[in-house]
Each structure stands twice: as structure tokens, then as C-alpha cells.
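Notes follow once the structure below has been shown.
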Amino acid sequence: MSEYQYYEFRAIDNPLTDRQVGELRKLSTRAEITPTSFTNEYQWGNFRGNPRKMMEKYFDAFLYYANWGTHWFMLRLPKKLVDLKTIKQYCGGDSFDIRVKGDFAVLEFRSEDESGDWEDDCDNNWLASLIPLRADLLGGDLRSLYMGWLASAQDGELDEDAVEPPVPPGLKRLSASLTNLADFLRIDDKLLKAAAAFDVGKAPAAPSRADLSRWIDSLPLPEKNKILLQLVEGKATHLREQLLQRFQQSHAKKNSPKAGKAKAAARRSVGELLAAAGLQ
């Protein structure tokens with residue numbers, strides 16, 4: 001049976017320039033390249049490019065799979081828009097890690113099926129189905145990070161006495177993108193169910209129009225003028241995300257419970273989770 005490898009990259013925040021397209025063309029003469037994507041398939045030979053370096057320089061999302069069992073997914077996020085300390089709580093194994101390069105943080109999710117009983121069960125829609133996770137992360141939804149940690153726990157990359165990181169709300173009701181991520185990482189359904197047993201509430205929801213309107217009204221006029229100027233000048237990359245994060249921080253502070261009244265979520269060990277899922 002012949003080998004098969006699939007590479008796909010996406011530029012989300014900014015399209016590629018003509019110069020960048022030319023640089024990428026030197027890596028592959030047969031790749032399908034557009035201002036927002038790079039796609040290549042191999043049934044023999046190997047890709048000359050380095051996916052990690054390409055993510056650092058050109059792209060915001062990447063997916064790779066091979067029919068010998070490798071699944072690999074990366075997301076690039078602006079460093080200024082993420083809390084690196086929070087993300088690192090979910091790292092610790094090969095299945096999920098973070099790299100920081102320049103102005104960006106690159107998240108890596110991996111799954112290896114070494115059983116030899118692999119299936120060519122991926123298709124060319126996988127990356128499109130996972131890209132929404134990037135916006136979710138920038139909006140404060142940490143469930144994909146927990147999925148990465150859970151994959152590390154399942155694959156034996158963590159000590160059984162290691163305690164799980166903070167459990168994000170909403171594990172009992174996964175979005176289509178999160179469900180696809182769980183499938184891509186081959187997370188056992190029983191482990192997902194065990195992890196969601198101590199669900200801590202609903203996932204972050206989009207703010208209401210009324211709440212946003214009141215918050216915008218409260219902003220000083222000079223600041224609103226500055227925001228409009230950035231929009232008109234075309235310098236508004238990530239402006240929406242920055243404003244939404246400011247809104248969420250303001251809203252959370254206003255509605256935070258009084259000191260001593262917040263209830264901490266239960267934290268379980270890797271061994272306890274695996275036992276609850278019947279995987280030990």
C-alpha cells in the first residue's frame with residue numbers, strides 16, 4: 001500500500017504578498033498556492049519545507065496527516081492577545097505544546113497511532129473544521145487547550161499523579177470544531193465523558209448587543225476617535241479581538257463574586273481520570 005501525506009496551511013489575519021507566494025513556490029513546484037492557502041499532497045517523496053518555520057513566517061493554521069498514523073495541527077496566535085502562563089498550564093506532553101517566536105505563540109497538537117492498524121480516515125475538510133478554534137481561543141474559550149492536555153494524559157505522556165489543569169466550562173456541550181479536534185487527536189469518548197463529569201458551567205458566550213452598546217458608550221470620546229482612525233487607515237488587525245477582550249475583562253470585574261464566595265472546581269489526577277474512563 002502506498003504512502004500518503006497531506007499538508008495544508010492557511011493565512012487568516014493577512015493574505016500572502018506576491019513576494020511571499022514566490023518564496024513558497026520555491027519550496028514546491030506542484031503545491032496549490034493562493035493568497036490565503038498552501039496545499040500539497042504526496043504519494044511518494046517528501047515536502048522540502050519546514051512547517052514550523054512556515055507557520056512562524058507566513059501562516060496562522062496548519063494541518064498534516066499521513067496514512068501511517070500521524071496527525072498534526074498548529075494554530076498561530078498573536079502573543080499580545082493570549083495569556084502564555086495560562087496556556088502553559090495545559091502543556092506537558094508531546095500531544096500538546098506551545099512555542100513562542102517573535103510576536104506569535106504557536107500551539108501544536110499531535111496524535112500518533114503506532115498500532116499499525118491505521119486508516120486513511122482524514123479528509124481535506126479537516127483544517128476548515130478546526131480553524132474556528134482560533135477565534136474561540138482569542139475569545140477566552142480554553143476547551144481546546146484542555147483537549148490537548150487530555151490527549152497527553154491518554155497517551156501516557158503525563159505522570160499518573162499529575163493533577164489536571166483548570167477545567168474550562170462547557171465540556172458537556174462541545175462545538176462541532178471541538179468534537180472534530182477530539183476525533184483528530186483520537187481522544188476516547190469514555191475519557192471525554194469522564195473529564196466532563198465535573199463540568200463547571202457554560203462556555204463563554206458572545207456578549208449581547210445591549211452590553212456591548214453600554215460598554216462602548218462608556219469609552220472616552222478621544223479613545224473612540226482613535227479606534228475609528230485605525231479602522232479607516234487599515235491598521236485594525238486584531239482590533240476586534242482586543243476590544244472584545246477589554247470588554248470581557250471589564251464585564252468580568254464588574255460581575256465577579258465577592259471574595260471568598262467563589263467555589264473552586266474539583267481537580268483530578270491523571271490516574272483518576274483514566275480509571276473513571278476504564279482506560280487503566
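Following the order of the C-alpha cells, chains are lettered A, B, ..., residues in each are numbered from 1, and ligands are numbered from 1.
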
Test item: residues at most 12 Å from Leu185 (chain A), only C-alpha atoms, excluding those fewer than 3 positions along its chain, as an NGL selection string:
:A and (65 or 69-73 or 94-96 or 108-113 or 122 or 126 or 130 or 144 or 146-155 or 178-182 or 188-189 or 192)

Please save N, CA and C atoms of the selected residues as a compact mmCIF listing (two decimals), in the first residue's frame.
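Heads up, here's the output in out29.txt:
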# COMPACT_ATOMS: atom_id res chain seq x y z
N TYR A 65 -1.53 15.22 7.86
CA TYR A 65 -1.77 13.83 8.25
C TYR A 65 -1.09 12.91 7.25
N GLY A 69 -0.35 7.07 10.35
CA GLY A 69 -0.92 7.32 11.66
C GLY A 69 -0.63 8.66 12.30
N THR A 70 0.08 9.56 11.61
CA THR A 70 0.41 10.86 12.21
C THR A 70 -0.65 11.90 11.91
N HIS A 71 -1.12 12.58 12.96
CA HIS A 71 -1.99 13.74 12.85
C HIS A 71 -1.28 14.93 13.51
N TRP A 72 -1.25 16.08 12.84
CA TRP A 72 -0.51 17.24 13.36
C TRP A 72 -1.29 18.50 12.99
N PHE A 73 -1.55 19.34 13.99
CA PHE A 73 -2.35 20.54 13.81
C PHE A 73 -1.70 21.69 14.57
N ASP A 94 3.84 15.41 24.52
CA ASP A 94 4.05 15.61 23.08
C ASP A 94 2.75 15.91 22.35
N SER A 95 1.63 15.56 22.93
CA SER A 95 0.36 15.76 22.24
C SER A 95 -0.06 17.23 22.18
N PHE A 96 0.44 18.04 23.09
CA PHE A 96 0.11 19.47 23.06
C PHE A 96 1.26 20.28 23.63
N GLU A 108 0.69 23.60 19.18
CA GLU A 108 0.86 22.36 18.41
C GLU A 108 0.07 21.23 19.07
N PHE A 109 -0.75 20.57 18.27
CA PHE A 109 -1.50 19.39 18.70
C PHE A 109 -1.04 18.22 17.83
N ARG A 110 -0.73 17.07 18.47
CA ARG A 110 -0.26 15.91 17.71
C ARG A 110 -0.91 14.62 18.22
N SER A 111 -1.06 13.69 17.31
CA SER A 111 -1.52 12.35 17.67
C SER A 111 -0.79 11.35 16.79
N GLU A 112 -0.27 10.30 17.40
CA GLU A 112 0.43 9.25 16.67
C GLU A 112 -0.25 7.91 16.94
N ASP A 113 -0.60 7.22 15.88
CA ASP A 113 -1.16 5.88 16.01
C ASP A 113 -0.09 4.89 15.59
N CYS A 122 -8.88 10.68 7.40
CA CYS A 122 -8.95 12.13 7.32
C CYS A 122 -9.44 12.54 5.93
N TRP A 126 -10.65 18.80 7.07
CA TRP A 126 -10.29 18.82 8.50
C TRP A 126 -9.87 20.20 8.95
N LEU A 130 -11.44 22.94 11.87
CA LEU A 130 -10.74 23.24 13.11
C LEU A 130 -10.38 24.72 13.26
N SER A 144 -10.15 23.85 23.91
CA SER A 144 -9.21 23.16 23.01
C SER A 144 -7.88 22.89 23.71
N TYR A 146 -7.56 22.23 26.91
CA TYR A 146 -7.82 21.07 27.78
C TYR A 146 -7.84 19.79 26.96
N MET A 147 -8.36 19.86 25.73
CA MET A 147 -8.35 18.69 24.85
C MET A 147 -6.91 18.24 24.60
N GLY A 148 -6.01 19.20 24.38
CA GLY A 148 -4.61 18.86 24.16
C GLY A 148 -4.02 18.17 25.38
N TRP A 149 -4.33 18.70 26.57
CA TRP A 149 -3.84 18.08 27.80
C TRP A 149 -4.43 16.68 27.97
N LEU A 150 -5.70 16.53 27.66
CA LEU A 150 -6.37 15.23 27.81
C LEU A 150 -5.74 14.19 26.87
N ALA A 151 -5.37 14.62 25.67
CA ALA A 151 -4.69 13.71 24.74
C ALA A 151 -3.35 13.27 25.31
N SER A 152 -2.63 14.19 25.94
CA SER A 152 -1.35 13.84 26.56
C SER A 152 -1.56 12.84 27.68
N ALA A 153 -2.63 13.03 28.47
CA ALA A 153 -2.93 12.10 29.56
C ALA A 153 -3.27 10.71 29.01
N GLN A 154 -4.08 10.67 27.98
CA GLN A 154 -4.49 9.39 27.39
C GLN A 154 -3.31 8.64 26.80
N ASP A 155 -2.37 9.37 26.21
CA ASP A 155 -1.25 8.74 25.51
C ASP A 155 -0.09 8.39 26.44
N LEU A 178 -14.71 21.51 18.29
CA LEU A 178 -14.10 20.78 19.40
C LEU A 178 -14.29 19.27 19.25
N THR A 179 -15.46 18.87 18.77
CA THR A 179 -15.70 17.45 18.52
C THR A 179 -14.73 16.94 17.46
N ASN A 180 -14.50 17.74 16.42
CA ASN A 180 -13.55 17.34 15.38
C ASN A 180 -12.12 17.29 15.91
N LEU A 181 -11.77 18.21 16.82
CA LEU A 181 -10.45 18.17 17.43
C LEU A 181 -10.27 16.90 18.25
N ALA A 182 -11.29 16.54 19.01
CA ALA A 182 -11.22 15.30 19.80
C ALA A 182 -11.03 14.09 18.89
N ASP A 188 -10.47 9.18 23.43
CA ASP A 188 -11.51 8.18 23.68
C ASP A 188 -12.78 8.86 24.21
N ASP A 189 -13.93 8.46 23.68
CA ASP A 189 -15.20 9.04 24.11
C ASP A 189 -15.43 8.87 25.61
N LEU A 192 -13.51 11.52 27.44
CA LEU A 192 -14.19 12.82 27.33
C LEU A 192 -15.36 12.90 28.32

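By chain and then residue number, the residues within 7 Å of Ser177 (chain A) are Ser129, Leu130, Pro132 and Leu133 of chain A, counting only C-alpha atoms and disregarding those fewer than 5 positions away in sequence.
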
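Every protein, DNA or RNA residue with an atom at most 12 Å from Ala194 (chain A), where only C-alpha atoms count and chain neighbours fewer than 5 positions away do not, is listed here: Leu150, Gln154, Leu171, Lys172, Ile187, Asp188, Asp189, Asp199, Arg268, Ser269, Val270, Gly271, Glu272, Leu273, Leu274, Ala275, Ala276, Ala277, Gly278 and Leu279 of chain A.
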
For C-alpha atoms, I'd like the residues from the last selection saved as a JSON list (two decimals), in the first residue's frame.
[["chain", "number", "residue", "atom", "x", "y", "z"],
["A", 150, "LEU", "CA", -6.37, 15.23, 27.81],
["A", 154, "GLN", "CA", -4.49, 9.39, 27.39],
["A", 171, "LEU", "CA", -17.09, 20.30, 28.35],
["A", 172, "LYS", "CA", -20.51, 18.66, 28.31],
["A", 187, "ILE", "CA", -9.42, 11.06, 22.36],
["A", 188, "ASP", "CA", -11.51, 8.18, 23.68],
["A", 189, "ASP", "CA", -15.20, 9.04, 24.11],
["A", 199, "ASP", "CA", -18.30, 20.41, 34.22],
["A", 268, "ARG", "CA", -8.41, 15.23, 39.48],
["A", 269, "SER", "CA", -5.23, 13.31, 38.84],
["A", 270, "VAL", "CA", -4.40, 11.71, 35.50],
["A", 271, "GLY", "CA", -4.78, 8.30, 37.14],
["A", 272, "GLU", "CA", -8.24, 9.13, 38.47],
["A", 273, "LEU", "CA", -9.44, 10.30, 35.06],
["A", 274, "LEU", "CA", -8.10, 7.24, 33.28],
["A", 275, "ALA", "CA", -9.63, 4.94, 35.89],
["A", 276, "ALA", "CA", -13.00, 6.69, 35.60],
["A", 277, "ALA", "CA", -12.86, 6.12, 31.84],
["A", 278, "GLY", "CA", -11.87, 2.47, 32.25],
["A", 279, "LEU", "CA", -8.56, 3.04, 30.46]]

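We find CA of Asn40 (chain A) and CA of Arg143 (chain A) to be spaced 29.8 Å apart.
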
Can you list, as a VMD selection string, every protein, DNA or RNA residue that comes within 6 Å of Met74 (chain A) when you count only C-alpha atoms, leaving out same-chain residues fewer than 2 positions away?
chain A and resid 61 to 62 107 to 108

Same residues, C-alpha atoms, saved as an mmCIF file, in the first residue's frame:
data_model
loop_
_atom_site.group_PDB
_atom_site.id
_atom_site.type_symbol
_atom_site.label_atom_id
_atom_site.label_comp_id
_atom_site.auth_asym_id
_atom_site.auth_seq_id
_atom_site.Cartn_x
_atom_site.Cartn_y
_atom_site.Cartn_z
ATOM 1 C CA ALA A 61 -3.143 27.491 10.769
ATOM 2 C CA PHE A 62 -1.672 24.179 9.604
ATOM 3 C CA LEU A 107 0.095 25.927 19.527
ATOM 4 C CA GLU A 108 0.856 22.359 18.415
#

Residue list (strand (DSSP E or B), DSSP) for region 3-192 of chain A, as a PyMOL selection string
chain A and resi 5-10+32-34+37-42+61-66+70-78+93+96-101+104-112+163

Write the residues of the selection above to a file with N, CA and C atoms, as a tab-separated table (two decimals), in the first residue's frame.
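Output file part_17.tsv is given in full below:
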chain	number	residue	atom	x	y	z
A	5	GLN	N	0.73	11.59	2.24
A	5	GLN	CA	0.92	12.70	3.16
A	5	GLN	C	0.15	13.91	2.63
A	6	TYR	N	-0.46	14.63	3.56
A	6	TYR	CA	-1.26	15.81	3.19
A	6	TYR	C	-0.83	17.00	4.05
A	7	TYR	N	-0.51	18.11	3.39
A	7	TYR	CA	-0.12	19.35	4.06
A	7	TYR	C	-1.09	20.46	3.66
A	8	GLU	N	-1.57	21.21	4.64
A	8	GLU	CA	-2.41	22.37	4.33
A	8	GLU	C	-2.12	23.50	5.32
A	9	PHE	N	-1.89	24.68	4.77
A	9	PHE	CA	-1.65	25.89	5.56
A	9	PHE	C	-2.71	26.94	5.20
A	10	ARG	N	-3.07	27.78	6.18
A	10	ARG	CA	-3.99	28.87	5.92
A	10	ARG	C	-3.48	30.18	6.52
A	32	GLU	N	-0.58	23.71	-4.50
A	32	GLU	CA	-1.65	24.67	-4.85
A	32	GLU	C	-1.52	25.85	-3.89
A	33	ILE	N	-1.18	27.02	-4.43
A	33	ILE	CA	-0.91	28.20	-3.60
A	33	ILE	C	-1.86	29.33	-4.00
A	34	THR	N	-2.53	29.91	-3.01
A	34	THR	CA	-3.36	31.10	-3.21
A	34	THR	C	-2.90	32.15	-2.20
A	37	SER	N	-3.70	30.38	1.14
A	37	SER	CA	-3.53	28.96	1.43
A	37	SER	C	-2.36	28.35	0.67
A	38	PHE	N	-1.90	27.22	1.21
A	38	PHE	CA	-0.85	26.41	0.59
A	38	PHE	C	-1.24	24.96	0.85
A	39	THR	N	-1.42	24.19	-0.21
A	39	THR	CA	-1.87	22.80	-0.06
A	39	THR	C	-1.01	21.90	-0.93
A	40	ASN	N	-0.60	20.77	-0.37
A	40	ASN	CA	0.19	19.82	-1.14
A	40	ASN	C	-0.08	18.41	-0.65
A	41	GLU	N	-0.05	17.47	-1.57
A	41	GLU	CA	-0.23	16.06	-1.27
A	41	GLU	C	0.94	15.27	-1.85
A	42	TYR	N	1.34	14.23	-1.12
A	42	TYR	CA	2.45	13.40	-1.56
A	42	TYR	C	2.06	11.93	-1.47
A	61	ALA	N	-2.61	28.83	10.46
A	61	ALA	CA	-3.14	27.49	10.77
A	61	ALA	C	-2.49	26.47	9.84
A	62	PHE	N	-2.33	25.25	10.35
A	62	PHE	CA	-1.67	24.18	9.60
A	62	PHE	C	-2.23	22.84	10.03
A	63	LEU	N	-2.38	21.94	9.04
A	63	LEU	CA	-2.80	20.58	9.34
A	63	LEU	C	-2.02	19.61	8.45
A	64	TYR	N	-1.60	18.51	9.06
A	64	TYR	CA	-0.86	17.46	8.35
A	64	TYR	C	-1.39	16.11	8.80
A	65	TYR	N	-1.53	15.22	7.86
A	65	TYR	CA	-1.77	13.83	8.25
A	65	TYR	C	-1.09	12.91	7.25
A	66	ALA	N	-0.70	11.76	7.77
A	66	ALA	CA	-0.06	10.74	6.95
A	66	ALA	C	-0.75	9.41	7.22
A	70	THR	N	0.08	9.56	11.61
A	70	THR	CA	0.41	10.86	12.21
A	70	THR	C	-0.65	11.90	11.91
A	71	HIS	N	-1.12	12.58	12.96
A	71	HIS	CA	-1.99	13.74	12.85
A	71	HIS	C	-1.28	14.93	13.51
A	72	TRP	N	-1.25	16.08	12.84
A	72	TRP	CA	-0.51	17.24	13.36
A	72	TRP	C	-1.29	18.50	12.99
A	73	PHE	N	-1.55	19.34	13.99
A	73	PHE	CA	-2.35	20.54	13.81
A	73	PHE	C	-1.70	21.69	14.57
A	74	MET	N	-1.57	22.85	13.92
A	74	MET	CA	-0.97	24.02	14.57
A	74	MET	C	-1.84	25.26	14.35
A	75	LEU	N	-1.85	26.11	15.37
A	75	LEU	CA	-2.50	27.43	15.29
A	75	LEU	C	-1.51	28.49	15.74
A	76	ARG	N	-1.44	29.58	14.99
A	76	ARG	CA	-0.58	30.71	15.38
A	76	ARG	C	-1.46	31.84	15.90
A	77	LEU	N	-1.12	32.35	17.08
A	77	LEU	CA	-1.89	33.40	17.73
A	77	LEU	C	-0.98	34.59	18.02
A	78	PRO	N	-1.50	35.81	17.92
A	78	PRO	CA	-0.70	36.98	18.32
A	78	PRO	C	-0.37	36.89	19.81
A	93	GLY	N	3.13	17.32	27.53
A	93	GLY	CA	3.39	16.11	26.77
A	93	GLY	C	3.60	16.43	25.31
A	96	PHE	N	0.44	18.04	23.09
A	96	PHE	CA	0.11	19.47	23.06
A	96	PHE	C	1.26	20.28	23.63
A	97	ASP	N	1.67	21.31	22.90
A	97	ASP	CA	2.75	22.15	23.36
A	97	ASP	C	2.60	23.54	22.75
A	98	ILE	N	3.41	24.48	23.22
A	98	ILE	CA	3.39	25.84	22.72
A	98	ILE	C	4.81	26.30	22.45
A	99	ARG	N	4.99	27.04	21.36
A	99	ARG	CA	6.26	27.66	21.04
A	99	ARG	C	6.01	29.15	20.86
A	100	VAL	N	6.92	29.96	21.36
A	100	VAL	CA	6.82	31.40	21.20
A	100	VAL	C	7.95	31.86	20.28
A	101	LYS	N	7.59	32.58	19.24
A	101	LYS	CA	8.56	33.08	18.27
A	101	LYS	C	8.18	34.49	17.87
A	104	PHE	N	4.51	36.01	18.02
A	104	PHE	CA	3.48	34.98	17.92
A	104	PHE	C	3.70	33.84	18.91
A	105	ALA	N	2.59	33.20	19.26
A	105	ALA	CA	2.60	31.94	20.00
A	105	ALA	C	1.99	30.89	19.09
A	106	VAL	N	2.68	29.78	18.91
A	106	VAL	CA	2.21	28.71	18.04
A	106	VAL	C	1.83	27.51	18.89
A	107	LEU	N	0.58	27.09	18.80
A	107	LEU	CA	0.09	25.93	19.53
A	107	LEU	C	0.21	24.70	18.62
A	108	GLU	N	0.69	23.60	19.18
A	108	GLU	CA	0.86	22.36	18.41
A	108	GLU	C	0.07	21.23	19.07
A	109	PHE	N	-0.75	20.57	18.27
A	109	PHE	CA	-1.50	19.39	18.70
A	109	PHE	C	-1.04	18.22	17.83
A	110	ARG	N	-0.73	17.07	18.47
A	110	ARG	CA	-0.26	15.91	17.71
A	110	ARG	C	-0.91	14.62	18.22
A	111	SER	N	-1.06	13.69	17.31
A	111	SER	CA	-1.52	12.35	17.67
A	111	SER	C	-0.79	11.35	16.79
A	112	GLU	N	-0.27	10.30	17.40
A	112	GLU	CA	0.43	9.25	16.67
A	112	GLU	C	-0.25	7.91	16.94
A	163	VAL	N	-1.83	16.44	38.44
A	163	VAL	CA	-3.19	16.97	38.61
A	163	VAL	C	-3.58	17.76	37.37

With distances taken over only C-alpha atoms, which residue among A:Trp68, A:Leu244, A:Lys57, A:Gly45 lies nearest Val21 (chain A)?
A:Lys57

Can you list every residue in region 95-232 of chain A that DSSP puts in alpha helix (DSSP H), as a PyMOL selection string?
chain A and resi 126-130+132-138+143-154+176-184+189-195+209-218+221-232

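Taking CA of Thr36 (chain A) and CA of Ile12 (chain A) as endpoints, the distance between them is 6.9 Å.
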
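For the residues A:Gly92, A:Leu145, A:Pro222, A:Ala195, ranking by smallest atom-to-atom distance to Asp159 (chain A) using only C-alpha atoms places A:Gly92 first.
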
Residues within 12 Å of Asp141 (chain A), only C-alpha atoms, excluding chain neighbours under 6 positions, as a count of residues only
23

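The nearest approach to Arg240 (chain A) among the residues A:Lys79, A:Glu114, A:Asp13, A:Ala128, with only C-alpha atoms taken into account, belongs to A:Asp13.
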
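Relative to CA of Leu138 (chain A), CA of Ala196 (chain A) is found at 22.4 Å.
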